[in-house]
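> The structure follows.
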Amino acid sequence: MNHVSTSVTALFAVLLVAMILSLALEEKIHAKKSVIVGWFAATALFLAAAFGLVRPETVMILGHPVTLPVYIPGIDWEVIAIILGSSLFVDVTSKCGLFTWIAIKLTKASRGDPLKLLVYYGVMTVVFSAVLNNVTAMIIVGALSGVSLAKLRRTNQLLGFLLIEALLTNVGGLLTLISSVPNIIIGNAAGITFVTFFIKSGPYVVVATAVTIYMGARLFGIEALKDDAAKAEAQSLVAGFDENDGIESAGFFRFGTIMTGLFIIAMASASITPYIKELGMGFVALTFAVIMLTRYKATADRFYQAIDWDLLAFFGCLFIVVNMMEHALVLELIGEGLKPIIGLGETVGAGVLLVASAVASSVTDNIPLAAMLAKILGGLGLASDSPFWWAVIFGANLGGNITPIGSASTLVAVTIIHKYKLPLSFAGFVKVAFPFAVMQLVLAAGYVLVVL
Amino acid sequence: MTKIDQFESVFKSADKAVYTYDRPTFERVLLVTDLNDADAADIASRVRSFLTVVDDAGTQWNTLSGDDFSSVRSLLEDIEERKPDLIVTYRHLHSEAWRWPHSLGEYLDVMTQATSVPVLVLPHPDADRGLPHSIKDTDRVMAITNHLTGDNRLVNMAVRFTEPGGTCWLTHVESETVFERYMDAISKIPAIDTDVARESLAAQLLKEPRDFIAACRAEIDAQGLPVDIEEVVVMGRRVDEYGDLVAKREIDLLVLHTKDDDQLAMHGAAYVLAVELRGIPLLML
């Protein structure tokens, strides 16, 4: 690596801070993440070239020398492949009606009882967040909450339902390695397998979910129906929901269900399955997406149009920025800053890192944070079972619950809340969510420090 | 937002109208005629044999003949006093206007709107316009509307008037004229794909009544009622379509709504039907 002057490192550090601030002010700037980070990626690349920090490298691929532009190897293509494949797979699979079928089945199983509905929707949010992604889970459960509570004439409880569901998306996002992007980035960097991740995070998710639902029911006064007449009326109101309405064909429904099960199994076993382990989880996700797309082979382009290109471009550009920061020794500088925290030891140090990650994630995107910390912690040569990895994972995910801009799923919840013209300001969200976030973070800190 | 709306649409579509069968009872039936007592008694006998399906052991049959009322007010007072569950009458009471089939007559017009009692309208006894199968039995009954979904009362009445072993057609005619007017507006909005909108909107408009009819059929089967439910869900130009449907199936009794919550007069399509379909009895709710 070339010598990098302190002033160049400082310049890049300013660039990084400016990018993080811009992302935090995304709503005010009225610009998509990909455009914001794209500008910073282009600037960082140009400056890095100008200061001689990077130059094209020739690498040997299958025995052939290939010269790659510096921004190509800087991107973590495995992460991009997992996100692209999973998004496509989930999008196509949702057309089979499986997720809406489950949602409506649970609604009917609640018999319209508000407390049961809250428990069922809460658990469903967690599971959907784990299997799909936070945003899709919030959209499905939030949309259903709006429709079912209107049907039950309980729109006065909708705000409580939506807030609890929003807070649970980030808890569910902790359940598996592919449940959220920080998990994928950190898990990949740390070398944590799908199964290990699930076993270690599962108990926390169960406890945090139960406590969140309990606190939510108490705070918003969501109680079980007591008299028989109210129970009978509520049951008759939800009886009209037809879980089969969204199923285009029984065959595709069965196929989608089986494929969802196989997808989870394949992802879980990717690190130990012969041949697959060399290709990685990105291959698994993309392959399952292609299999599902066969159902819509003539109109597959519709699904390509629906891909969140903003998100993918954002990741690509972000990896470039982080890579340039590495070349400019900014990450080394941050790493130096983190050393005192890490020096506090695996107990106190991990706890401090967890809280710091959560606070940082609450005001800006948790993905840049995860990407940077993955690089920094990776550079320290930590073992895959180090609590520092888990501190970042828990902090980055749960920090999103402190403010409405802390995660994409809480933003979706706020969008639904405003769609129903329910009163909730930024401060109002923080006021309600803060006790939940504190509880979840305290539980997480205890879990990471004592159990993991 | 688009995806939120998409999933909301999925769940709203899955939220279907529930049908429950509540058997309508007719403890008091009132025949209103403008005839003398003897002719009124003759009509009453025909009506009773025509309506055996609703003639329970305790049903009281009363008749108002021509001399019993001389104004709309006195007729309404009589109805108020007798509190019938069903009124049976015909068009143009105390009037010669039945010769010109362009209206219902003031008595029937007011009766259908000023009372909440179902009114069964027979072909006029003097007009000789009744179809050959008219006023014989009720084994072919049709409920007809432009908004069937969730209309339990209409279905319950139609099923109740269908003789055991008979067929009840549940008919939904979506107005093609209104549909085309909206499609014309949509075709001028660049943000909406006209072909997709036409296909999706037509499919959804017809799906809802079909789903409701399926729910009705399931409930009627579950109740063990000996009535076959047939489905007619079409896009049409209402009155023409209704006339064709009735004629092709040799319907014995047509059941329809006449009241409109938003206006005092009978709603448009019902009035046209009540005026034009003079060959068979109509049950006007």
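In the structure tokens, the first chain shown is A, the next is B, and so on; residue numbers restart at 1 for each chain, and ligands run from 1 in the order shown.
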Taking only C-alpha atoms into account, produce a table as CSV in which each residue of chain A with an atom at most 7 Å from an atom of chain B appears once, together with its shortest atom pair and the distance in Å to one decimal, ordered by chain and rising number.


residue,atom,partner,partner_atom,distance
A:Ile139,CA,B:Ile4,CA,5.3
A:Ile140,CA,B:Phe7,CA,6.1
A:Ala143,CA,B:Glu8,CA,5.0
A:Leu144,CA,B:Phe11,CA,6.2
A:Val147,CA,B:Lys12,CA,6.5
A:Gly240,CA,B:Lys16,CA,4.9
A:Phe241,CA,B:Asp15,CA,4.3
A:Asp242,CA,B:Ala14,CA,4.9
A:Glu243,CA,B:Ala14,CA,6.5
A:Asp245,CA,B:Ala14,CA,5.2
A:Gly246,CA,B:Val10,CA,6.4

> Counting only C-alpha atoms, which of B:Met284, B:Asp139, B:Thr89, B:Leu76 gets nearest to B:Thr162?

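Of all the options, B:Asp139 lies closest to B:Thr162.
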
> From a DSSP calculation on the backbone, collect every residue of stretch 1-123 of chain B in alpha helix (DSSP H) and output the set as a VMD selection string.

chain B and resid 2 to 14 37 to 50 72 to 82 106 to 114

> Would you output that residue set with N, CA and C atoms, as a compact mmCIF listing (two decimals), in the first residue's frame?


# COMPACT_ATOMS: atom_id res chain seq x y z
N THR B 2 -46.46 1.72 -3.14
CA THR B 2 -47.12 0.86 -4.11
C THR B 2 -47.32 -0.53 -3.55
N LYS B 3 -46.28 -1.05 -2.90
CA LYS B 3 -46.40 -2.41 -2.37
C LYS B 3 -47.38 -2.46 -1.21
N ILE B 4 -47.42 -1.43 -0.40
CA ILE B 4 -48.40 -1.39 0.69
C ILE B 4 -49.79 -1.47 0.09
N ASP B 5 -50.02 -0.69 -0.95
CA ASP B 5 -51.32 -0.68 -1.59
C ASP B 5 -51.63 -2.04 -2.22
N GLN B 6 -50.61 -2.67 -2.80
CA GLN B 6 -50.83 -3.99 -3.42
C GLN B 6 -51.31 -5.00 -2.38
N PHE B 7 -50.62 -5.03 -1.23
CA PHE B 7 -51.01 -6.00 -0.22
C PHE B 7 -52.34 -5.64 0.42
N GLU B 8 -52.61 -4.35 0.57
CA GLU B 8 -53.92 -3.95 1.08
C GLU B 8 -55.02 -4.44 0.14
N SER B 9 -54.75 -4.33 -1.16
CA SER B 9 -55.73 -4.79 -2.14
C SER B 9 -55.96 -6.30 -2.01
N VAL B 10 -54.88 -7.03 -1.81
CA VAL B 10 -55.00 -8.49 -1.65
C VAL B 10 -55.89 -8.81 -0.45
N PHE B 11 -55.64 -8.12 0.67
CA PHE B 11 -56.41 -8.42 1.88
C PHE B 11 -57.85 -7.92 1.77
N LYS B 12 -58.04 -6.79 1.12
CA LYS B 12 -59.42 -6.29 0.95
C LYS B 12 -60.21 -7.24 0.05
N SER B 13 -59.52 -7.77 -0.96
CA SER B 13 -60.20 -8.72 -1.85
C SER B 13 -60.56 -10.00 -1.11
N ALA B 14 -59.71 -10.37 -0.16
CA ALA B 14 -59.97 -11.61 0.62
C ALA B 14 -61.08 -11.42 1.64
N ASP B 37 -115.94 -6.71 -3.81
CA ASP B 37 -115.62 -7.77 -2.85
C ASP B 37 -115.52 -9.15 -3.51
N ALA B 38 -116.45 -9.43 -4.42
CA ALA B 38 -116.48 -10.77 -5.04
C ALA B 38 -115.24 -10.99 -5.90
N ASP B 39 -114.93 -9.99 -6.75
CA ASP B 39 -113.75 -10.13 -7.61
C ASP B 39 -112.47 -10.15 -6.78
N ALA B 40 -112.48 -9.36 -5.73
CA ALA B 40 -111.31 -9.33 -4.85
C ALA B 40 -111.10 -10.70 -4.20
N ALA B 41 -112.21 -11.34 -3.81
CA ALA B 41 -112.11 -12.67 -3.19
C ALA B 41 -111.55 -13.67 -4.19
N ASP B 42 -111.94 -13.51 -5.46
CA ASP B 42 -111.46 -14.42 -6.50
C ASP B 42 -109.93 -14.26 -6.67
N ILE B 43 -109.53 -12.99 -6.72
CA ILE B 43 -108.08 -12.73 -6.84
C ILE B 43 -107.35 -13.27 -5.62
N ALA B 44 -107.95 -13.06 -4.45
CA ALA B 44 -107.30 -13.51 -3.21
C ALA B 44 -107.07 -15.02 -3.24
N SER B 45 -108.03 -15.73 -3.78
CA SER B 45 -107.91 -17.19 -3.86
C SER B 45 -106.76 -17.58 -4.78
N ARG B 46 -106.67 -16.86 -5.92
CA ARG B 46 -105.58 -17.15 -6.88
C ARG B 46 -104.22 -16.84 -6.25
N VAL B 47 -104.18 -15.73 -5.55
CA VAL B 47 -102.91 -15.32 -4.94
C VAL B 47 -102.47 -16.34 -3.89
N ARG B 48 -103.46 -16.83 -3.11
CA ARG B 48 -103.12 -17.76 -2.04
C ARG B 48 -102.58 -19.07 -2.62
N SER B 49 -103.19 -19.46 -3.74
CA SER B 49 -102.69 -20.70 -4.34
C SER B 49 -101.32 -20.47 -5.00
N PHE B 50 -101.12 -19.25 -5.48
CA PHE B 50 -99.82 -18.90 -6.07
C PHE B 50 -98.71 -18.85 -5.01
N VAL B 72 -104.64 7.79 -1.40
CA VAL B 72 -103.36 7.21 -0.99
C VAL B 72 -103.23 7.30 0.53
N ARG B 73 -103.64 8.43 1.10
CA ARG B 73 -103.52 8.60 2.54
C ARG B 73 -104.31 7.52 3.29
N SER B 74 -105.57 7.29 2.85
CA SER B 74 -106.38 6.30 3.57
C SER B 74 -105.79 4.89 3.41
N LEU B 75 -105.22 4.63 2.22
CA LEU B 75 -104.59 3.31 2.03
C LEU B 75 -103.38 3.15 2.97
N LEU B 76 -102.58 4.19 3.06
CA LEU B 76 -101.40 4.11 3.95
C LEU B 76 -101.83 3.95 5.41
N GLU B 77 -102.92 4.60 5.78
CA GLU B 77 -103.42 4.47 7.15
C GLU B 77 -103.88 3.04 7.42
N ASP B 78 -104.53 2.46 6.42
CA ASP B 78 -104.98 1.07 6.54
C ASP B 78 -103.78 0.13 6.72
N ILE B 79 -102.77 0.38 5.90
CA ILE B 79 -101.56 -0.47 5.97
C ILE B 79 -100.90 -0.32 7.33
N GLU B 80 -100.84 0.92 7.79
CA GLU B 80 -100.23 1.19 9.09
C GLU B 80 -100.97 0.46 10.21
N GLU B 81 -102.27 0.44 10.08
CA GLU B 81 -103.10 -0.18 11.11
C GLU B 81 -102.97 -1.71 11.09
N ARG B 82 -102.93 -2.27 9.91
CA ARG B 82 -102.93 -3.74 9.79
C ARG B 82 -101.52 -4.34 9.93
N GLU B 106 -100.29 5.97 -8.83
CA GLU B 106 -99.87 6.67 -7.62
C GLU B 106 -99.88 5.79 -6.38
N TYR B 107 -100.83 4.86 -6.30
CA TYR B 107 -100.92 4.03 -5.10
C TYR B 107 -99.67 3.15 -4.94
N LEU B 108 -99.36 2.46 -6.03
CA LEU B 108 -98.20 1.55 -5.96
C LEU B 108 -96.90 2.34 -5.77
N ASP B 109 -96.83 3.45 -6.46
CA ASP B 109 -95.63 4.28 -6.36
C ASP B 109 -95.35 4.67 -4.91
N VAL B 110 -96.41 5.13 -4.23
CA VAL B 110 -96.23 5.58 -2.85
C VAL B 110 -96.02 4.39 -1.91
N MET B 111 -96.80 3.32 -2.16
CA MET B 111 -96.70 2.14 -1.27
C MET B 111 -95.27 1.59 -1.21
N THR B 112 -94.63 1.54 -2.36
CA THR B 112 -93.28 0.94 -2.38
C THR B 112 -92.26 1.82 -1.66
N GLN B 113 -92.53 3.12 -1.59
CA GLN B 113 -91.55 4.01 -0.99
C GLN B 113 -91.89 4.42 0.44
N ALA B 114 -93.20 4.52 0.72
CA ALA B 114 -93.61 5.06 2.04
C ALA B 114 -93.70 3.97 3.10

> Please identify all polymer residues within 9 Å of B:Val227, counting only C-alpha atoms, omitting same-chain residues fewer than 6 positions from it, and present them as a list in words.

Asp139, Val159, Thr162, Glu163, Pro164, Gly165, Gly166, Thr167, Cys168, Ile220 and Asp221 of chain B

> Excluding B:Trp98 and its own-chain neighbours fewer than 3 positions away, which residues fall within 12 Å of it when counting only C-alpha atoms? Please give them as a list in words.

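The residues that qualify are Tyr90, Arg91, His92, Leu93, His94, Ser95, Pro101, His102, Ser103, Leu104, Gly105, Glu106, Pro123, His124, Pro125, Asp126, Ala127, Asp128, Arg129, Val275, Glu276 and Arg278 of chain B.
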
> Which residues come within 10 Å of A:Leu443, counting only C-alpha atoms, excluding same-chain residues fewer than 6 positions away, as number ranges by chain?

A: 204, 207-208, 211, 437, 449

> Can you measure atom CA of A:Val59 to atom CA of A:Glu326 for me? One decimal in Å is fine.

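Computed distance, atom CA of A:Val59 to atom CA of A:Glu326, equals 19.7 Å.
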
> Select from stretch 40-218 of chain A everything DSSP, run on the backbone, classes as strand (DSSP E), then give the selection as number ranges by chain.

A: 57-61, 64-68

> Would you put the residues from that selection into a file with N, CA and C atoms, as a PDB file, in the first residue's frame?


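Below is the file that was written, part_0.pdb:
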ATOM      1  N   GLU A  57      -5.738  -3.369 -10.959  1.00  0.00           N
ATOM      2  CA  GLU A  57      -4.915  -4.531 -10.642  1.00  0.00           C
ATOM      3  C   GLU A  57      -5.181  -5.635 -11.640  1.00  0.00           C
ATOM      4  N   THR A  58      -4.147  -6.356 -11.952  1.00  0.00           N
ATOM      5  CA  THR A  58      -4.317  -7.503 -12.833  1.00  0.00           C
ATOM      6  C   THR A  58      -4.380  -8.753 -11.957  1.00  0.00           C
ATOM      7  N   VAL A  59      -5.453  -9.479 -12.119  1.00  0.00           N
ATOM      8  CA  VAL A  59      -5.613 -10.693 -11.309  1.00  0.00           C
ATOM      9  C   VAL A  59      -5.748 -11.878 -12.249  1.00  0.00           C
ATOM     10  N   MET A  60      -5.429 -13.045 -11.738  1.00  0.00           N
ATOM     11  CA  MET A  60      -5.545 -14.260 -12.545  1.00  0.00           C
ATOM     12  C   MET A  60      -6.903 -14.902 -12.252  1.00  0.00           C
ATOM     13  N   ILE A  61      -7.734 -15.014 -13.289  1.00  0.00           N
ATOM     14  CA  ILE A  61      -9.024 -15.688 -13.128  1.00  0.00           C
ATOM     15  C   ILE A  61      -9.038 -16.891 -14.052  1.00  0.00           C
ATOM     16  N   HIS A  64      -6.361 -16.893 -16.507  1.00  0.00           N
ATOM     17  CA  HIS A  64      -6.258 -15.763 -17.433  1.00  0.00           C
ATOM     18  C   HIS A  64      -6.014 -14.480 -16.661  1.00  0.00           C
ATOM     19  N   PRO A  65      -5.038 -13.681 -17.104  1.00  0.00           N
ATOM     20  CA  PRO A  65      -4.836 -12.394 -16.436  1.00  0.00           C
ATOM     21  C   PRO A  65      -5.957 -11.424 -16.839  1.00  0.00           C
ATOM     22  N   VAL A  66      -6.609 -10.852 -15.859  1.00  0.00           N
ATOM     23  CA  VAL A  66      -7.697  -9.913 -16.128  1.00  0.00           C
ATOM     24  C   VAL A  66      -7.414  -8.645 -15.347  1.00  0.00           C
ATOM     25  N   THR A  67      -7.475  -7.512 -16.057  1.00  0.00           N
ATOM     26  CA  THR A  67      -7.278  -6.228 -15.389  1.00  0.00           C
ATOM     27  C   THR A  67      -8.644  -5.650 -15.010  1.00  0.00           C
ATOM     28  N   LEU A  68      -8.801  -5.445 -13.723  1.00  0.00           N
ATOM     29  CA  LEU A  68     -10.110  -4.981 -13.242  1.00  0.00           C
ATOM     30  C   LEU A  68     -10.028  -3.534 -12.797  1.00  0.00           C
TER      31      LEU A  68
END

> When you look at stretch 148-154 of chain A with a cut-off of 7 Å (counting only C-alpha atoms), what residues show up, excluding the ones that are within fewer than 5 positions of it in the same chain? I need them as a VMD selection string.

chain A and resid 112 234 237

> With C-alpha atoms retained, could you export that selection as a CSV table (one decimal), in the first residue's frame?


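Result saved to result.csv:
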chain,number,residue,atom,x,y,z
A,112,GLY,CA,-61.2,-11.3,16.1
A,234,ALA,CA,-65.7,-10.3,16.4
A,237,LEU,CA,-66.5,-10.2,11.3

> Considering only C-alpha atoms, return as a ChimeraX atom specification whatever protein or nucleic-acid residues lie within 10 Å of stretch 32-44 of chain A, sequence-local ones (same chain, fewer than 5 positions apart) excluded.

/A:11-12,15-16,18-20,22-24,26-27,49-50,71,309-325,328,365

> For the residues in the current selection, export C-alpha atoms as a JSON list (two decimals), in the first residue's frame.


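Written file, part.json:
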[["chain", "number", "residue", "atom", "x", "y", "z"],
["A", 11, "LEU", "CA", -10.05, 14.54, 3.76],
["A", 12, "PHE", "CA", -11.54, 11.08, 3.25],
["A", 15, "LEU", "CA", -16.05, 12.69, 3.04],
["A", 16, "LEU", "CA", -17.27, 9.71, 5.08],
["A", 18, "ALA", "CA", -20.54, 13.96, 5.00],
["A", 19, "MET", "CA", -21.94, 10.80, 3.42],
["A", 20, "ILE", "CA", -23.31, 9.53, 6.72],
["A", 22, "SER", "CA", -26.40, 13.00, 3.95],
["A", 23, "LEU", "CA", -27.88, 9.55, 4.47],
["A", 24, "ALA", "CA", -29.33, 10.66, 7.80],
["A", 26, "GLU", "CA", -32.11, 11.50, 3.08],
["A", 27, "GLU", "CA", -35.73, 12.56, 3.56],
["A", 49, "ALA", "CA", -6.92, 7.94, -8.09],
["A", 50, "ALA", "CA", -5.73, 11.54, -7.88],
["A", 71, "TYR", "CA", -14.19, -0.43, -8.03],
["A", 309, "TRP", "CA", -32.36, -1.25, -7.82],
["A", 310, "ASP", "CA", -31.93, 1.72, -5.51],
["A", 311, "LEU", "CA", -30.96, -0.66, -2.72],
["A", 312, "LEU", "CA", -28.60, -2.71, -4.87],
["A", 313, "ALA", "CA", -26.92, 0.36, -6.35],
["A", 314, "PHE", "CA", -26.65, 1.76, -2.84],
["A", 315, "PHE", "CA", -24.83, -1.39, -1.68],
["A", 316, "GLY", "CA", -22.52, -1.38, -4.67],
["A", 317, "CYS", "CA", -21.57, 2.28, -4.20],
["A", 318, "LEU", "CA", -21.29, 1.85, -0.44],
["A", 319, "PHE", "CA", -18.81, -0.99, -0.79],
["A", 320, "ILE", "CA", -16.76, 1.22, -3.09],
["A", 321, "VAL", "CA", -16.78, 4.08, -0.57],
["A", 322, "VAL", "CA", -15.78, 1.73, 2.25],
["A", 323, "ASN", "CA", -13.05, 0.27, 0.06],
["A", 324, "MET", "CA", -11.68, 3.73, -0.70],
["A", 325, "MET", "CA", -11.81, 4.56, 3.02],
["A", 328, "ALA", "CA", -7.14, 6.12, 2.63],
["A", 365, "ASP", "CA", -28.43, 3.77, 7.94]]

> Using atom CA of A:Ala350 and atom CA of A:Ala391 as the two end points, give the distance in Å to one decimal.

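Here the two named atoms are 5.6 Å from each other.
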